[in-house]
Every structure is written in structure tokens, then in C-alpha cells.
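Encoded as C-alpha cells, the structure appears first; notes follow it.
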Amino acid sequence: MAAKITYAVTAAVLVVYFVLVGSRGVMLIQHGTLLTVTFGVAVLILPVIGVWFLWKNTQFVKRANRLATELDAEGGLPVDELARTPAGRIDRDSADEVFARRKAETEDAPDDWRSWFRLAIAYHDARDTPRARKAMQHAIALHDGKPVRA
């Protein structure tokens, strides 16, 4: 729940920022000189890119949460079996061990979105966020019956 609140607050702050930057871009365009119009258009591009990025990220999170809910209903979410340091961080060797099992599971069933979902969690636990995201995107595509990039 804390992650959802943090995400919502961050998204709200970004939207306020986009509105403020966008209003400055419009003000520059309204000034009417070649230089201010050029800068105004350039300034307006930033919020457009930011809104697109926020939208894509929000859609990704919603789809991943939908898969987590479905997998939880099936009783297929992975159990947290990771050893932790006294500070509460995941032990690297423990994460690597679980990752090796999840990778083998995914290699045995490459068309199963469930194994890709569990692999994404293992990547995340091993602190490999880019690969975790790609594995989750793969799981979402398999679940939705969309073409999967190799």
C-alpha cells in the first residue's frame, strides 16, 4: 500500500510540474517573437514526453498488478524464501540461488507467463531492474496473447 501511495504522490507532483512547465511554454509562445516561440515550443515538448512516460509507466504497473492478482488467486505467487541481512536487505547469494531456479523454470516453460512473472521478481530481488522490467513485459505480452519479441 505504501508503494501505491508513493507512486500516486509522485505522479501528482509530476502532473503539477507538467502544468507549470506547460504554462510557461504557452506564455513564451504568446510573447510572439521568433526566439520566444521557438523556446516555447521546445518547453512544451518536455511535458508531452513526461506525460507519455508517466502514462506508459502507469499502464505497465496496472498490467503487472493484474497479473500478480491473477497469480495470487491461483496460489502461484512465489514465497519469499530469501535470506536477509540484519538491516533487512536481501542477501545477494540467496537472491542468486532463487534466481537460478526461476531461470531454469522459465527455460523449461518459455511460453508460460507465470514463470516469466516469477523470473521478473527474481531479477528484481537480485537488483537487476532493467531485466526485471523486460521479463515482466514478456510475461504481460504472453498473458495478453500478444507477439513476444525474442
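Just remember, in the C-alpha cells the first chain shown is A, the second B, etc., residues are 1-based per chain, and ligands are 1-based in the order shown.
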
Val48 (chain A) environment, 12 Å, only C-alpha atoms, sequence neighbours closer than 3 positions dropped, as an mmCIF file with N, CA, C and O atoms, in the first residue's frame:
```
data_model
loop_
_atom_site.group_PDB
_atom_site.id
_atom_site.type_symbol
_atom_site.label_atom_id
_atom_site.label_comp_id
_atom_site.auth_asym_id
_atom_site.auth_seq_id
_atom_site.Cartn_x
_atom_site.Cartn_y
_atom_site.Cartn_z
ATOM 1 N N LEU A 14 4.417 15.220 -10.465
ATOM 2 C CA LEU A 14 4.822 15.340 -11.870
ATOM 3 C C LEU A 14 3.770 16.055 -12.708
ATOM 4 O O LEU A 14 4.106 16.890 -13.555
ATOM 5 N N VAL A 15 2.510 15.750 -12.480
ATOM 6 C CA VAL A 15 1.436 16.414 -13.228
ATOM 7 C C VAL A 15 1.440 17.916 -12.940
ATOM 8 O O VAL A 15 1.312 18.731 -13.866
ATOM 9 N N TYR A 17 4.012 19.672 -12.045
ATOM 10 C CA TYR A 17 5.205 20.173 -12.741
ATOM 11 C C TYR A 17 4.927 20.331 -14.234
ATOM 12 O O TYR A 17 5.300 21.349 -14.829
ATOM 13 N N PHE A 18 4.272 19.337 -14.837
ATOM 14 C CA PHE A 18 3.963 19.416 -16.268
ATOM 15 C C PHE A 18 3.067 20.613 -16.571
ATOM 16 O O PHE A 18 3.253 21.303 -17.573
ATOM 17 N N VAL A 19 2.100 20.869 -15.705
ATOM 18 C CA VAL A 19 1.199 22.010 -15.899
ATOM 19 C C VAL A 19 1.982 23.321 -15.786
ATOM 20 O O VAL A 19 1.818 24.232 -16.613
ATOM 21 N N VAL A 21 5.262 23.853 -16.228
ATOM 22 C CA VAL A 21 6.171 23.982 -17.373
ATOM 23 C C VAL A 21 5.377 24.296 -18.636
ATOM 24 O O VAL A 21 5.763 25.161 -19.431
ATOM 25 N N GLY A 22 4.253 23.608 -18.812
ATOM 26 C CA GLY A 22 3.417 23.860 -19.984
ATOM 27 C C GLY A 22 2.906 25.286 -20.030
ATOM 28 O O GLY A 22 2.882 25.917 -21.099
ATOM 29 N N GLY A 25 5.601 27.484 -21.238
ATOM 30 C CA GLY A 25 5.761 27.342 -22.682
ATOM 31 C C GLY A 25 4.723 28.141 -23.447
ATOM 32 O O GLY A 25 5.034 28.809 -24.435
ATOM 33 N N VAL A 41 7.878 26.356 -27.819
ATOM 34 C CA VAL A 41 7.607 25.032 -28.391
ATOM 35 C C VAL A 41 8.538 23.991 -27.775
ATOM 36 O O VAL A 41 8.109 22.887 -27.417
ATOM 37 N N ALA A 42 9.814 24.358 -27.620
ATOM 38 C CA ALA A 42 10.776 23.427 -27.005
ATOM 39 C C ALA A 42 10.375 23.097 -25.564
ATOM 40 O O ALA A 42 10.462 21.942 -25.133
ATOM 41 N N VAL A 43 9.904 24.101 -24.837
ATOM 42 C CA VAL A 43 9.482 23.887 -23.450
ATOM 43 C C VAL A 43 8.237 23.008 -23.400
ATOM 44 O O VAL A 43 8.091 22.174 -22.507
ATOM 45 N N LEU A 44 7.335 23.143 -24.355
ATOM 46 C CA LEU A 44 6.114 22.324 -24.372
ATOM 47 C C LEU A 44 6.392 20.861 -24.691
ATOM 48 O O LEU A 44 5.602 19.989 -24.328
ATOM 49 N N ILE A 45 7.505 20.590 -25.342
ATOM 50 C CA ILE A 45 7.839 19.198 -25.676
ATOM 51 C C ILE A 45 8.130 18.402 -24.403
ATOM 52 O O ILE A 45 7.761 17.232 -24.304
ATOM 53 N N VAL A 51 4.364 13.310 -19.845
ATOM 54 C CA VAL A 51 3.020 12.723 -19.737
ATOM 55 C C VAL A 51 2.998 11.358 -20.408
ATOM 56 O O VAL A 51 2.432 10.398 -19.869
ATOM 57 N N TRP A 52 3.624 11.263 -21.582
ATOM 58 C CA TRP A 52 3.684 9.968 -22.284
ATOM 59 C C TRP A 52 4.387 8.931 -21.415
ATOM 60 O O TRP A 52 3.909 7.811 -21.258
ATOM 61 N N PHE A 53 5.544 9.301 -20.834
ATOM 62 C CA PHE A 53 6.303 8.380 -19.990
ATOM 63 C C PHE A 53 5.491 7.970 -18.761
ATOM 64 O O PHE A 53 5.452 6.782 -18.397
ATOM 65 N N LEU A 54 4.836 8.914 -18.124
ATOM 66 C CA LEU A 54 4.023 8.615 -16.941
ATOM 67 C C LEU A 54 2.873 7.683 -17.302
ATOM 68 O O LEU A 54 2.568 6.732 -16.577
ATOM 69 N N TRP A 55 2.228 7.937 -18.443
ATOM 70 C CA TRP A 55 1.125 7.085 -18.905
ATOM 71 C C TRP A 55 1.607 5.666 -19.148
ATOM 72 O O TRP A 55 0.987 4.700 -18.704
#
```

| said: I need the residues in region 7-138 of chain A that are helix (DSSP H, G or I) according to DSSP; give them as a PyMOL selection string. | reply: chain A and resi 7-31+34-74+92-108+113-125+129-138

| Contact residues around region 118-134 of chain A with only C-alpha atoms at 8 Å, ignoring same-chain residues under 2 positions, as an NGL selection string | :A and (77-78 or 90 or 92 or 95-96 or 98-99 or 102-103 or 106 or 114-116 or 136-138)

| task | Pick out the closest residue to Thr58 (chain A) from this set: A:Ile29, A:Leu71, A:Ala8, A:Val37. Count only C-alpha atoms. | result |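 Using only C-alpha atoms, Thr58 (chain A) sits closest to A:Ala8.
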
| message | Restricting the calculation to only C-alpha atoms: of A:Ala135, A:Leu34, A:Met27, A:Leu67, which residue gets closest to Val148 (chain A)? | response | A:Ala135

| Which residue, A:Arg149, A:Ile5, A:Ala139, A:Glu81, has the smallest gap to Arg63 (chain A) when you use only C-alpha atoms? |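 Answer, going by the shortest atom-to-atom distance: A:Ala139.
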
| task | Calculate how many Å separate CA of Glu105 (chain A) from CA of Thr85 (chain A), rounding to one decimal. | result |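 For CA of Glu105 (chain A) relative to CA of Thr85 (chain A), the distance reads 26.6 Å.
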
| query | Which is closer to Ala83 (chain A) than all the others in A:Glu97, A:Thr38, A:Lys146, A:Glu70, using only C-alpha atoms? | reply | A:Glu97

| Between A:His143, A:Arg89, A:Arg84, A:Arg24, which is the closest to Asp112 (chain A) once you count only C-alpha atoms? |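 When distances to Asp112 (chain A) are compared using only C-alpha atoms, the smallest one comes from A:His143.
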